[in-house]
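Visitor: Could you have a look at this structure, given as C-alpha cells, before my questions?
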Amino acid sequence: MIDGRGWACDKYCNAILGGGMADTERETMDFDVVIVGAGPAGLSAAIRLKQLDADLDVVVLEKGSEVGAHILSGAVLDTCGLDKLIPDWAARGAPIKTRVKKDRFLMLGPAGGLRLPNFLLPPLMNNHGNYIVSMGNVTRWMAEQAEALGVEIFPGMACSELVYGEDGALSGVVAGEFGLNADGTPGPSYEPGMVLNGKYVFLSEGARGSLSKQVIAKFELDKDADVPKFGLGIKEIWDVKPENHNEGEVTHTMGWPLGWKAGGGSFMYHLENNQVYVGYIVDLNYKNPHLSPYHEFQRWKHHPMISEVLKGGKRVAYGARVVTKGGFQSIPKACFPGGALLGCSAGLVNLPRIKGNHNAMLSGIAAAEAAHAAIKAGRSGDELTEYNTGLREGPIGKDLKPVRNVAPLNARFGPLGGMVFGGFDMWVANIFKFNPLGTLKHGKNDAQSTGKAADHPVIDYPRPDGVLSFDRLTNVSFSATNHAEDEPCHLKLADPDLPISVNLPEYAEPAQRYCPAGVYEVIRDDDGSNPRFQINAQNCVHCKTCDIKDPSQNITWACPQGGEGPNYPNM
Ligand SMILES: Cc1cc2nc3c(=O)[nH]c(=O)nc-3n(C[C@H](O)[C@H](O)[C@H](O)COP(=O)(O)OP(=O)(O)OC[C@H]3O[C@@H](n4cnc5c(N)ncnc54)[C@H](O)[C@@H]3O)c2cc1C
Ligand code: SF4
C-alpha cells in the first residue's frame with residue numbers, strides 16, 4: 001500500500017493536463033479500472049478484476065488515512081458475498097471468527113422488555129450461520145488480499161472531482177489535492193493531485209457518496225427510481241467485564257426510548273475479546289425537528305437490560321454513519337457512460353436484515369465481471385448495462401425485492417404498524433414468492449419529511465452521566481477525527497444566510513441536533529440576541545446526515561483532503 005502523497009508513478013504517469021481547478025495542471029495516470037472507495041464493494045471489485053485477469057491495471061482510492069479508517073458497520077456478516085469472492089477466506093486468516101450463537105429481538109418499555117419468539121420473525125431475519133465482525137478489520141484484510149494480486153491501493157486519497165471525456169462519458173477522477181487555503185487558493189504546500197483515468201470508473205463510496213450524488217444527477221440515474229431513504233447509525237465499542245460478556249450474542253431492540261417518535265432501533269453485538277458493539281439507527285424521515293438521534297442513543301444505554309451489560313465497562317471508540325434504507329425501488333440505474341455505482345452508492349441494504357455488506361461484495365463482483373468482459377471485447381467508456389440488469393435480476397435483487405415494502409410501511413404506519421404489516425408482507429413473500437401489497441412508494445424524501453418546530457414538542461433529554469452516556473464532543477474525541485483548520489470548509493452552504501433566516505424560525509435549526517458530532521451550532525450574544533450559524537467542520541465524522549436531512553437541502557458534503565476525518569479502529 002502506498003501513502004497517498006507518495007505516488008507510484010513509474011509505469012502510469014503520462015502527460016500534464018488542465019485539471020478541475022482553474023489553471024491547475026495535473027499529471028495523469030491511466031488504468032483499466034479506477035475504483036473510488038476501499039469498502040467491501042470497491043475491494044471486492046478490485047479482487048475479482050485481478051482474479052479474472054492479472055494483467056489488468058486496477059487502482060483503489062480511499063479517503064481514509066488507511067483502509068478501514070472510515071468503515072463503520074454493525075456488523076453481523078452474511079458471508080455469501082465473500083464465499084463467492086474468496087471461498088477459502090477462513091484458511092487465509094480472514095478476521096471473521098465469532099459465529100452468532102444467540103439471536104434475540106426485544107421490544108423495550110422504559111423499565112423492562114419483552115422478547116419476541118424467534119419463530120415469529122420472518123426466516124430471513126435469522127442470524128444463525130452469520131458472524132459478528134469488524135468490517136474495518138475485514139476491509140483491511142481484503143486490502144491485503146487485493147495487493148497480493150497486484151491491485152494498487154492509495155489510502156489518504158480523497159477523490160474530489162469527476163473528469164469527463166469529450167464524448168460526455170466519465171473518464172476519471174481527480175484525487176490527492178492537498179494544501180488549499182481556507183479561501184480555496186493554493187497554500188504554500190499545495191499539491192494539485194492527479195487525474196486518474198480508467199476505461200471504467202467504479203464509484204463505491206458507500207451511502208450518500210459525494211461523487212455518486214453528482215453522477216446520479218448528471219445522468220438522471222434516479223429518474224425511474226423512488227426517492228432514496230436513509231437512517232443514521234451511531235455506534236460505540238465497549239470493553240465490558242468478562243462476566244457480562246457473552247461471545248456470539250446478537251440483540252436487536254425496538255421501542256424505548258425512541259418509541260413511536262420515529263422508526264429505528266438498536267443493536268448489541270458481543271464480539272471477541274470481551275468487546276461489545278452497541279449502536280442505534282434512527283430513520284432520517286423523522287418529523288419532529290427537536291429530535292436528537294445522538295441523545296436517543298445515549299438514553300437507550302440506561303435501559304436496565306442494556307446497562308447491565310455495560311456497567312463496569314468502558315467505551316473505547318465512537319462513530320456514526322448513514323445507512324441506506326430505500327431498498328429495491330430506490331436503486332438508481334447503476335451504470336452510466338464510463339462507470340458504475342457499487343454497493344451502498346447504489347443503496348443495497350436489506351432493511352429488515354440490517355445487512356448490506358454481502359450485497360456490497362456481490363455488486364463489486366458483478367461489476368468486475370461486467371467490466372472485464374467489456375475490456376476483453378475492446379470496449380471502454382460505455383455503459384455496463386449487463387451489470388445493471390444483473391443487479392436487479394440476480395442474487396441482490398432476489399435479496400432485496402421481497403422486503404421492499406418494509407420501509408414504506410414503517411413510514412406509513414409507524415414502527416409498530418410497520419412491523420405487523422411488513423412482517424405479514426415478508427411472510428407471504430417468503431411462502432408464496434409474491435408480495436401481496438405490490439410495490440409501495442416511499443413518498444417524501446427524508447428532508448421533506450421534517451415537520452415545523454411549532455407543530456412538535458421540544459424533547460428534554462437527560463444530561464449524560466459520563467459513565468454510561470457522554471456528551472457529543474467527548475465522544476467525538478473517541479473517533480480520533482482530525483481535519484486541518486485552514487482548509488476550505490467541506491460543508492458547503494448554498495445560501496449562508498438560510499440557517500438563521502429560514503431553518504431557525506421554522507425548524508429550530510435541526511442541524512444542531514441531527515449532527516452526531518456537534519458540528520453545527522447556533523451561537524448568540526450574551527443577551528441571547530444576534531444568532532449566528534457556526535460550523536465546526538474539524539469535528540465531522542463523515543456520516544453524511546447533513547447532506548440528507550437539512551430540511552432546506554442547503555448543505556452539501558464535499559470531500560475534504562485525504563487522510564482526514566475519523567480514524568476508526570475495529571468499527
Ligand atoms: C450503523 C450501521 C450498522 C450496519 N450494520 C450492518 C450489519 O450488521 N451487517 C451488514 O451486512 N451491513 C450493515 N450495515 C450496512 C453496511 O455497512 C453497508 O451496506 C456497507 O458498508 C456498504 O459497503 P460499501 O463498500 O458500499 O461502502 P462503505 O463500507 O461505506 O465504504 C465506502 C468507502 O469509500 C470511501 N470513500 C467514500 N467517498 C470517497 C471519495 N470521494 N474518495 C475516496 N474514498 C471515498 C470511504 O471512506 C469508505 O472507506 C450497517 C451500516 C451502518 C451504518
Ligand atoms: S457535519 Fe454532517 S457529515 Fe459531518 S458529522 Fe455532522 S452531520 Fe455528519
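Chain labels run A, B, ... following the order of the C-alpha cells; each chain numbers its residues from 1, and ligands are numbered from 1 in the order shown.
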Would you write out, as JSON lines, a table of all residues in chain A that have an atom no more than 7 Å from an atom of ligand 1, listing for each the closest atom pair and the distance in Å to one decimal, considering only C-alpha atoms and all ligand atoms and ordering rows by chain and rising residue number?
Guide:
```
{"residue": "A:Val36", "atom": "CA", "partner": "ligand 1", "partner_atom_place_in_ligand_line": "43 (C)", "distance": 5.2}
{"residue": "A:Gly37", "atom": "CA", "partner": "ligand 1", "partner_atom_place_in_ligand_line": "34 (O)", "distance": 3.1}
{"residue": "A:Ala38", "atom": "CA", "partner": "ligand 1", "partner_atom_place_in_ligand_line": "33 (C)", "distance": 4.8}
{"residue": "A:Gly39", "atom": "CA", "partner": "ligand 1", "partner_atom_place_in_ligand_line": "31 (O)", "distance": 3.4}
{"residue": "A:Pro40", "atom": "CA", "partner": "ligand 1", "partner_atom_place_in_ligand_line": "25 (O)", "distance": 4.0}
{"residue": "A:Ala41", "atom": "CA", "partner": "ligand 1", "partner_atom_place_in_ligand_line": "25 (O)", "distance": 3.7}
{"residue": "A:Gly42", "atom": "CA", "partner": "ligand 1", "partner_atom_place_in_ligand_line": "25 (O)", "distance": 5.7}
{"residue": "A:Leu61", "atom": "CA", "partner": "ligand 1", "partner_atom_place_in_ligand_line": "43 (C)", "distance": 5.3}
{"residue": "A:Glu62", "atom": "CA", "partner": "ligand 1", "partner_atom_place_in_ligand_line": "44 (N)", "distance": 3.7}
{"residue": "A:Lys63", "atom": "CA", "partner": "ligand 1", "partner_atom_place_in_ligand_line": "44 (N)", "distance": 3.9}
{"residue": "A:Gly64", "atom": "CA", "partner": "ligand 1", "partner_atom_place_in_ligand_line": "47 (O)", "distance": 5.1}
{"residue": "A:Val67", "atom": "CA", "partner": "ligand 1", "partner_atom_place_in_ligand_line": "49 (O)", "distance": 6.5}
{"residue": "A:Gly68", "atom": "CA", "partner": "ligand 1", "partner_atom_place_in_ligand_line": "49 (O)", "distance": 6.1}
{"residue": "A:Ala69", "atom": "CA", "partner": "ligand 1", "partner_atom_place_in_ligand_line": "49 (O)", "distance": 6.9}
{"residue": "A:His70", "atom": "CA", "partner": "ligand 1", "partner_atom_place_in_ligand_line": "47 (O)", "distance": 4.6}
{"residue": "A:Ile71", "atom": "CA", "partner": "ligand 1", "partner_atom_place_in_ligand_line": "49 (O)", "distance": 5.2}
{"residue": "A:Leu72", "atom": "CA", "partner": "ligand 1", "partner_atom_place_in_ligand_line": "53 (C)", "distance": 5.9}
{"residue": "A:Ser73", "atom": "CA", "partner": "ligand 1", "partner_atom_place_in_ligand_line": "17 (O)", "distance": 3.9}
{"residue": "A:Gly74", "atom": "CA", "partner": "ligand 1", "partner_atom_place_in_ligand_line": "5 (N)", "distance": 3.3}
{"residue": "A:Ala75", "atom": "CA", "partner": "ligand 1", "partner_atom_place_in_ligand_line": "8 (O)", "distance": 3.2}
{"residue": "A:Val76", "atom": "CA", "partner": "ligand 1", "partner_atom_place_in_ligand_line": "8 (O)", "distance": 3.8}
{"residue": "A:Leu77", "atom": "CA", "partner": "ligand 1", "partner_atom_place_in_ligand_line": "11 (O)", "distance": 4.9}
{"residue": "A:Asp78", "atom": "CA", "partner": "ligand 1", "partner_atom_place_in_ligand_line": "11 (O)", "distance": 6.4}
{"residue": "A:Met157", "atom": "CA", "partner": "ligand 1", "partner_atom_place_in_ligand_line": "43 (C)", "distance": 5.9}
{"residue": "A:Ala158", "atom": "CA", "partner": "ligand 1", "partner_atom_place_in_ligand_line": "42 (N)", "distance": 3.9}
{"residue": "A:Cys159", "atom": "CA", "partner": "ligand 1", "partner_atom_place_in_ligand_line": "42 (N)", "distance": 3.8}
{"residue": "A:Ser160", "atom": "CA", "partner": "ligand 1", "partner_atom_place_in_ligand_line": "41 (N)", "distance": 5.8}
{"residue": "A:Ser204", "atom": "CA", "partner": "ligand 1", "partner_atom_place_in_ligand_line": "26 (O)", "distance": 5.3}
{"residue": "A:Glu205", "atom": "CA", "partner": "ligand 1", "partner_atom_place_in_ligand_line": "37 (C)", "distance": 3.5}
{"residue": "A:Gly206", "atom": "CA", "partner": "ligand 1", "partner_atom_place_in_ligand_line": "27 (O)", "distance": 3.2}
{"residue": "A:Ala207", "atom": "CA", "partner": "ligand 1", "partner_atom_place_in_ligand_line": "30 (O)", "distance": 5.9}
{"residue": "A:Gly209", "atom": "CA", "partner": "ligand 1", "partner_atom_place_in_ligand_line": "38 (N)", "distance": 5.5}
{"residue": "A:Ser210", "atom": "CA", "partner": "ligand 1", "partner_atom_place_in_ligand_line": "41 (N)", "distance": 6.0}
{"residue": "A:Leu211", "atom": "CA", "partner": "ligand 1", "partner_atom_place_in_ligand_line": "41 (N)", "distance": 6.0}
{"residue": "A:Leu232", "atom": "CA", "partner": "ligand 1", "partner_atom_place_in_ligand_line": "53 (C)", "distance": 6.7}
{"residue": "A:Gly233", "atom": "CA", "partner": "ligand 1", "partner_atom_place_in_ligand_line": "1 (C)", "distance": 3.7}
{"residue": "A:Ile234", "atom": "CA", "partner": "ligand 1", "partner_atom_place_in_ligand_line": "1 (C)", "distance": 5.8}
{"residue": "A:Lys235", "atom": "CA", "partner": "ligand 1", "partner_atom_place_in_ligand_line": "1 (C)", "distance": 6.2}
{"residue": "A:Gly279", "atom": "CA", "partner": "ligand 1", "partner_atom_place_in_ligand_line": "1 (C)", "distance": 6.5}
{"residue": "A:Tyr280", "atom": "CA", "partner": "ligand 1", "partner_atom_place_in_ligand_line": "1 (C)", "distance": 6.9}
{"residue": "A:Ile281", "atom": "CA", "partner": "ligand 1", "partner_atom_place_in_ligand_line": "1 (C)", "distance": 6.2}
{"residue": "A:Ala320", "atom": "CA", "partner": "ligand 1", "partner_atom_place_in_ligand_line": "1 (C)", "distance": 6.8}
{"residue": "A:Arg321", "atom": "CA", "partner": "ligand 1", "partner_atom_place_in_ligand_line": "53 (C)", "distance": 4.6}
{"residue": "A:Val322", "atom": "CA", "partner": "ligand 1", "partner_atom_place_in_ligand_line": "53 (C)", "distance": 4.9}
{"residue": "A:Val323", "atom": "CA", "partner": "ligand 1", "partner_atom_place_in_ligand_line": "53 (C)", "distance": 4.4}
{"residue": "A:Leu342", "atom": "CA", "partner": "ligand 1", "partner_atom_place_in_ligand_line": "26 (O)", "distance": 6.1}
{"residue": "A:Gly343", "atom": "CA", "partner": "ligand 1", "partner_atom_place_in_ligand_line": "26 (O)", "distance": 3.5}
{"residue": "A:Cys344", "atom": "CA", "partner": "ligand 1", "partner_atom_place_in_ligand_line": "26 (O)", "distance": 3.8}
{"residue": "A:Ser345", "atom": "CA", "partner": "ligand 1", "partner_atom_place_in_ligand_line": "26 (O)", "distance": 5.8}
{"residue": "A:Leu348", "atom": "CA", "partner": "ligand 1", "partner_atom_place_in_ligand_line": "19 (O)", "distance": 6.4}
{"residue": "A:Val349", "atom": "CA", "partner": "ligand 1", "partner_atom_place_in_ligand_line": "19 (O)", "distance": 5.2}
{"residue": "A:Ile354", "atom": "CA", "partner": "ligand 1", "partner_atom_place_in_ligand_line": "6 (C)", "distance": 5.3}
{"residue": "A:Lys355", "atom": "CA", "partner": "ligand 1", "partner_atom_place_in_ligand_line": "10 (C)", "distance": 3.2}
{"residue": "A:Gly356", "atom": "CA", "partner": "ligand 1", "partner_atom_place_in_ligand_line": "19 (O)", "distance": 3.1}
{"residue": "A:Asn357", "atom": "CA", "partner": "ligand 1", "partner_atom_place_in_ligand_line": "11 (O)", "distance": 3.8}
{"residue": "A:His358", "atom": "CA", "partner": "ligand 1", "partner_atom_place_in_ligand_line": "11 (O)", "distance": 5.7}
{"residue": "A:Ala360", "atom": "CA", "partner": "ligand 1", "partner_atom_place_in_ligand_line": "23 (O)", "distance": 5.0}
{"residue": "A:Cys559", "atom": "CA", "partner": "ligand 1", "partner_atom_place_in_ligand_line": "41 (N)", "distance": 5.8}
```
Visitor: Go through the chains and note each residue within 6 Å of ligand 2, using only C-alpha atoms and all ligand atoms, then give the set as a PyMOL selection string.
Guide: chain A and resi 515-517+519+540-546
Visitor: Quick one, how far is atom CA of Phe297 of chain A from atom CA of Pro415 of chain A?
Guide: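 Atom-to-atom, atom CA of Phe297 of chain A and atom CA of Pro415 of chain A are spaced 16.8 Å apart.
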Visitor: For Arg353 of chain A, work out the shell of residues within 9 Å, counting only C-alpha atoms and skipping chain neighbours fewer than 4 positions away, then give it as a VMD selection string.
Guide: chain A and resid 124 to 127 349
Visitor: Could you save those same residues with N, CA, C and O atoms as a compact mmCIF listing (two decimals), in the first residue's frame?
Guide:
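Result written to selection_2.txt:
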```
# COMPACT_ATOMS: atom_id res chain seq x y z
N LEU A 124 -35.82 -14.78 7.08
CA LEU A 124 -34.67 -14.03 6.57
C LEU A 124 -33.99 -13.21 7.66
O LEU A 124 -32.84 -12.77 7.50
N MET A 125 -34.69 -12.99 8.80
CA MET A 125 -34.07 -12.20 9.88
C MET A 125 -33.24 -13.07 10.83
O MET A 125 -32.63 -12.56 11.77
N ASN A 126 -33.23 -14.37 10.58
CA ASN A 126 -32.47 -15.30 11.41
C ASN A 126 -30.97 -15.09 11.17
O ASN A 126 -30.51 -15.04 10.04
N ASN A 127 -30.19 -14.98 12.23
CA ASN A 127 -28.76 -14.70 12.08
C ASN A 127 -27.86 -15.92 12.25
O ASN A 127 -26.64 -15.78 12.28
N VAL A 349 -28.82 -2.04 0.86
CA VAL A 349 -29.04 -2.64 2.19
C VAL A 349 -30.42 -3.31 2.26
O VAL A 349 -31.41 -2.75 1.80
```
Visitor: Nearest residue to Ile35 of chain A out of A:Gln51, A:Ser171, A:Thr389, A:Gln275, using only C-alpha atoms?
Guide: A:Ser171
Visitor: Could you give me, as an mmCIF file with N, CA, C and O atoms, in the first residue's frame, the residues within 12 Å of Arg99 of chain A, counting only C-alpha atoms and dropping anything in the same chain fewer than 6 positions from it?
Guide:
```
data_model
loop_
_atom_site.group_PDB
_atom_site.id
_atom_site.type_symbol
_atom_site.label_atom_id
_atom_site.label_comp_id
_atom_site.auth_asym_id
_atom_site.auth_seq_id
_atom_site.Cartn_x
_atom_site.Cartn_y
_atom_site.Cartn_z
ATOM 1 N N ALA A 75 -21.161 -5.152 12.978
ATOM 2 C CA ALA A 75 -21.712 -5.793 11.813
ATOM 3 C C ALA A 75 -21.881 -7.289 12.044
ATOM 4 O O ALA A 75 -20.989 -7.945 12.554
ATOM 5 N N VAL A 76 -23.087 -7.725 11.652
ATOM 6 C CA VAL A 76 -23.295 -9.154 11.505
ATOM 7 C C VAL A 76 -23.180 -9.439 10.018
ATOM 8 O O VAL A 76 -23.905 -8.857 9.207
ATOM 9 N N LEU A 77 -22.235 -10.302 9.676
ATOM 10 C CA LEU A 77 -21.921 -10.528 8.263
ATOM 11 C C LEU A 77 -22.516 -11.845 7.775
ATOM 12 O O LEU A 77 -22.270 -12.905 8.359
ATOM 13 N N ASP A 78 -23.276 -11.737 6.695
ATOM 14 C CA ASP A 78 -23.675 -12.917 5.917
ATOM 15 C C ASP A 78 -22.551 -13.108 4.903
ATOM 16 O O ASP A 78 -22.293 -12.223 4.082
ATOM 17 N N THR A 79 -21.861 -14.235 4.975
ATOM 18 C CA THR A 79 -20.630 -14.385 4.173
ATOM 19 C C THR A 79 -20.893 -14.792 2.724
ATOM 20 O O THR A 79 -19.947 -15.115 2.006
ATOM 21 N N ASN A 127 -30.194 -14.985 12.234
ATOM 22 C CA ASN A 127 -28.760 -14.702 12.079
ATOM 23 C C ASN A 127 -27.865 -15.919 12.250
ATOM 24 O O ASN A 127 -26.639 -15.775 12.280
ATOM 25 N N HIS A 128 -28.462 -17.094 12.388
ATOM 26 C CA HIS A 128 -27.606 -18.277 12.567
ATOM 27 C C HIS A 128 -26.819 -18.549 11.291
ATOM 28 O O HIS A 128 -27.329 -18.408 10.190
ATOM 29 N N GLY A 129 -25.536 -18.883 11.462
ATOM 30 C CA GLY A 129 -24.659 -19.075 10.295
ATOM 31 C C GLY A 129 -23.915 -17.795 9.940
ATOM 32 O O GLY A 129 -22.979 -17.811 9.147
ATOM 33 N N ASN A 130 -24.326 -16.668 10.537
ATOM 34 C CA ASN A 130 -23.624 -15.399 10.281
ATOM 35 C C ASN A 130 -22.539 -15.174 11.335
ATOM 36 O O ASN A 130 -22.468 -15.888 12.330
ATOM 37 N N TYR A 131 -21.721 -14.139 11.110
ATOM 38 C CA TYR A 131 -20.595 -13.855 12.001
ATOM 39 C C TYR A 131 -20.646 -12.407 12.492
ATOM 40 O O TYR A 131 -21.033 -11.503 11.729
ATOM 41 N N ILE A 132 -20.229 -12.204 13.727
ATOM 42 C CA ILE A 132 -20.053 -10.837 14.237
ATOM 43 C C ILE A 132 -18.634 -10.408 13.881
ATOM 44 O O ILE A 132 -17.671 -11.071 14.266
ATOM 45 N N VAL A 133 -18.532 -9.318 13.135
ATOM 46 C CA VAL A 133 -17.204 -8.907 12.642
ATOM 47 C C VAL A 133 -17.015 -7.399 12.796
ATOM 48 O O VAL A 133 -17.975 -6.642 12.951
ATOM 49 N N ASN A 246 -20.931 -12.204 26.499
ATOM 50 C CA ASN A 246 -21.500 -13.466 26.032
ATOM 51 C C ASN A 246 -21.175 -13.598 24.544
ATOM 52 O O ASN A 246 -22.002 -13.275 23.673
ATOM 53 N N GLU A 247 -19.942 -14.035 24.268
ATOM 54 C CA GLU A 247 -19.454 -14.026 22.883
ATOM 55 C C GLU A 247 -20.442 -14.696 21.925
ATOM 56 O O GLU A 247 -20.934 -15.779 22.203
ATOM 57 N N GLY A 248 -20.721 -14.007 20.824
ATOM 58 C CA GLY A 248 -21.617 -14.569 19.807
ATOM 59 C C GLY A 248 -23.070 -14.163 19.985
ATOM 60 O O GLY A 248 -23.919 -14.543 19.187
ATOM 61 N N GLU A 249 -23.375 -13.369 21.029
ATOM 62 C CA GLU A 249 -24.777 -12.975 21.241
ATOM 63 C C GLU A 249 -25.116 -11.725 20.421
ATOM 64 O O GLU A 249 -24.370 -10.752 20.407
ATOM 65 N N VAL A 250 -26.260 -11.789 19.773
ATOM 66 C CA VAL A 250 -26.762 -10.675 18.955
ATOM 67 C C VAL A 250 -28.115 -10.251 19.513
ATOM 68 O O VAL A 250 -28.997 -11.090 19.675
ATOM 69 N N TYR A 269 -23.937 -6.287 19.813
ATOM 70 C CA TYR A 269 -23.278 -7.500 19.321
ATOM 71 C C TYR A 269 -22.060 -7.794 20.199
ATOM 72 O O TYR A 269 -21.166 -6.953 20.334
ATOM 73 N N HIS A 270 -22.012 -9.001 20.762
ATOM 74 C CA HIS A 270 -20.863 -9.403 21.593
ATOM 75 C C HIS A 270 -19.822 -10.063 20.689
ATOM 76 O O HIS A 270 -20.023 -11.204 20.248
ATOM 77 N N LEU A 271 -18.740 -9.363 20.394
ATOM 78 C CA LEU A 271 -17.693 -9.947 19.576
ATOM 79 C C LEU A 271 -16.653 -10.601 20.484
ATOM 80 O O LEU A 271 -16.943 -10.909 21.648
ATOM 81 N N GLU A 272 -15.436 -10.814 19.982
ATOM 82 C CA GLU A 272 -14.432 -11.477 20.808
ATOM 83 C C GLU A 272 -13.770 -10.478 21.768
ATOM 84 O O GLU A 272 -14.044 -9.283 21.713
#
```
Visitor: Choose the residue, out of A:Asn482, A:Thr24, A:Asn288, A:Thr439, that has the smallest atom-to-atom separation from Leu258 of chain A; count only C-alpha atoms.
Guide: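 Of A:Asn482, A:Thr24, A:Asn288, A:Thr439, the one nearest Leu258 of chain A is A:Asn288, counting only C-alpha atoms.
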Visitor: Need to verify the contact set: Tyr190 of chain A, 10 Å, only C-alpha atoms, exclusion of same-chain residues closer than 6 positions in sequence. Can you return it as a PyMOL selection string?
Guide: chain A and resi 177-181
Visitor: Could you write out the selected residues, including N, CA, C and O atoms, as a PDB file, in the first residue's frame?
Guide:
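Saved file part_17.pdb follows:
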```pdb
ATOM      1  N   GLU A 177      -5.614  16.109  -4.019  1.00  0.00           N
ATOM      2  CA  GLU A 177      -5.317  17.545  -3.960  1.00  0.00           C
ATOM      3  C   GLU A 177      -5.159  17.921  -2.480  1.00  0.00           C
ATOM      4  O   GLU A 177      -6.036  17.661  -1.661  1.00  0.00           O
ATOM      5  N   PHE A 178      -4.026  18.504  -2.150  1.00  0.00           N
ATOM      6  CA  PHE A 178      -3.739  18.893  -0.766  1.00  0.00           C
ATOM      7  C   PHE A 178      -3.312  20.357  -0.699  1.00  0.00           C
ATOM      8  O   PHE A 178      -2.781  20.897  -1.680  1.00  0.00           O
ATOM      9  N   GLY A 179      -3.501  20.959   0.466  1.00  0.00           N
ATOM     10  CA  GLY A 179      -2.861  22.229   0.772  1.00  0.00           C
ATOM     11  C   GLY A 179      -3.550  23.465   0.243  1.00  0.00           C
ATOM     12  O   GLY A 179      -2.897  24.495   0.059  1.00  0.00           O
ATOM     13  N   LEU A 180      -4.883  23.410   0.041  1.00  0.00           N
ATOM     14  CA  LEU A 180      -5.598  24.637  -0.333  1.00  0.00           C
ATOM     15  C   LEU A 180      -5.799  25.497   0.914  1.00  0.00           C
ATOM     16  O   LEU A 180      -6.009  24.983   2.020  1.00  0.00           O
ATOM     17  N   ASN A 181      -5.731  26.804   0.747  1.00  0.00           N
ATOM     18  CA  ASN A 181      -6.085  27.712   1.840  1.00  0.00           C
ATOM     19  C   ASN A 181      -7.589  27.697   2.069  1.00  0.00           C
ATOM     20  O   ASN A 181      -8.352  27.229   1.211  1.00  0.00           O
TER      21      ASN A 181
END
```
Visitor: Using only C-alpha atoms, determine which residues lie at most 12 Å from Leu149 of chain A, disregarding the query and same-chain residues fewer than 6 positions distant; provide the list as a list in words.
Guide: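 Close residues of Leu149 of chain A: Leu43, Ala46, Ile47, Arg48, Leu49, Lys50, Gln51, Leu52, Asp53, Ala54, Asp55, Leu56, Asp57, Val58, Val59, Met142 and Ala143 of chain A.
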Visitor: If we count only C-alpha atoms, what is near Val428 of chain A at a cut-off of 12 Å, once residues fewer than 3 positions away on the same chain are taken out, given as a PyMOL selection string?
Guide: chain A and resi 122-123+402-403+421-425+431-438
Visitor: Take the residues that were just selected and, keeping N, CA, C and O atoms, output them as a CSV table (one decimal), in the first residue's frame.
Guide:
```csv
chain,number,residue,atom,x,y,z
A,122,PRO,N,-39.7,-13.3,10.5
A,122,PRO,CA,-39.5,-13.9,9.2
A,122,PRO,C,-38.2,-14.6,9.1
A,122,PRO,O,-37.2,-14.1,9.6
A,123,PRO,N,-38.1,-15.8,8.5
A,123,PRO,CA,-36.8,-16.5,8.5
A,123,PRO,C,-35.6,-15.7,8.0
A,123,PRO,O,-34.5,-16.0,8.5
A,402,PRO,N,-38.2,-9.1,-2.0
A,402,PRO,CA,-39.2,-9.5,-1.1
A,402,PRO,C,-39.4,-8.6,0.1
A,402,PRO,O,-40.5,-8.6,0.7
A,403,VAL,N,-38.4,-7.7,0.4
A,403,VAL,CA,-38.6,-6.9,1.6
A,403,VAL,C,-38.8,-5.5,1.3
A,403,VAL,O,-38.7,-4.6,2.1
A,421,PHE,N,-47.5,-5.1,9.6
A,421,PHE,CA,-47.8,-5.2,8.1
A,421,PHE,C,-46.6,-5.7,7.3
A,421,PHE,O,-46.7,-6.5,6.4
A,422,GLY,N,-45.4,-5.2,7.7
A,422,GLY,CA,-44.2,-5.5,7.0
A,422,GLY,C,-43.9,-7.0,7.2
A,422,GLY,O,-43.5,-7.7,6.3
A,423,GLY,N,-44.2,-7.5,8.5
A,423,GLY,CA,-44.0,-8.9,8.8
A,423,GLY,C,-44.9,-9.8,8.0
A,423,GLY,O,-44.5,-10.8,7.4
A,424,PHE,N,-46.2,-9.3,7.8
A,424,PHE,CA,-47.1,-10.1,7.1
A,424,PHE,C,-46.7,-10.2,5.6
A,424,PHE,O,-46.7,-11.2,5.0
A,425,ASP,N,-46.3,-9.0,5.0
A,425,ASP,CA,-45.9,-8.9,3.6
A,425,ASP,C,-44.7,-9.9,3.4
A,425,ASP,O,-44.6,-10.6,2.4
A,431,ILE,N,-43.3,-17.4,1.6
A,431,ILE,CA,-44.0,-18.7,1.4
A,431,ILE,C,-44.5,-18.8,-0.1
A,431,ILE,O,-44.3,-19.7,-0.8
A,432,PHE,N,-45.2,-17.7,-0.6
A,432,PHE,CA,-45.8,-17.7,-1.9
A,432,PHE,C,-45.0,-17.0,-3.0
A,432,PHE,O,-45.4,-17.0,-4.1
A,433,LYS,N,-43.9,-16.4,-2.6
A,433,LYS,CA,-43.0,-15.8,-3.6
A,433,LYS,C,-43.6,-14.6,-4.3
A,433,LYS,O,-43.4,-14.4,-5.5
A,434,PHE,N,-44.5,-14.0,-3.7
A,434,PHE,CA,-45.0,-12.7,-4.2
A,434,PHE,C,-45.4,-11.8,-3.0
A,434,PHE,O,-45.7,-12.3,-1.9
A,435,ASN,N,-45.4,-10.4,-3.3
A,435,ASN,CA,-45.7,-9.5,-2.2
A,435,ASN,C,-47.2,-9.1,-2.4
A,435,ASN,O,-47.5,-8.5,-3.4
A,436,PRO,N,-48.1,-9.4,-1.5
A,436,PRO,CA,-49.5,-9.1,-1.7
A,436,PRO,C,-49.7,-7.6,-1.8
A,436,PRO,O,-50.7,-7.2,-2.5
A,437,LEU,N,-48.8,-6.8,-1.3
A,437,LEU,CA,-49.0,-5.3,-1.4
A,437,LEU,C,-48.4,-4.7,-2.6
A,437,LEU,O,-48.4,-3.5,-2.8
A,438,GLY,N,-47.8,-5.5,-3.5
A,438,GLY,CA,-47.2,-5.0,-4.7
A,438,GLY,C,-45.9,-4.2,-4.3
A,438,GLY,O,-45.2,-4.7,-3.4
```
Visitor: Counting only C-alpha atoms, which residues of segment 215-258 of chain A sit at most 12 Å from some atom of segment 465-470 of chain A, and what is each one's closest atom pair with its distance in Å to one decimal, listed by chain and rising residue number, as CSV?
Guide:
```
residue,atom,partner,partner_atom,distance
A:Glu236,CA,A:Ser469,CA,10.6
A:Trp238,CA,A:Leu468,CA,10.2
A:Val240,CA,A:Leu468,CA,11.8
```
Visitor: Using C-alpha atoms, can you export the residues from the last selection as an mmCIF file, in the first residue's frame?
Guide:
```cif
data_model
loop_
_atom_site.group_PDB
_atom_site.id
_atom_site.type_symbol
_atom_site.label_atom_id
_atom_site.label_comp_id
_atom_site.auth_asym_id
_atom_site.auth_seq_id
_atom_site.Cartn_x
_atom_site.Cartn_y
_atom_site.Cartn_z
ATOM 1 C CA GLU A 236 -19.760 2.775 20.307
ATOM 2 C CA TRP A 238 -17.228 -1.058 24.744
ATOM 3 C CA VAL A 240 -17.065 -4.971 29.192
#
```
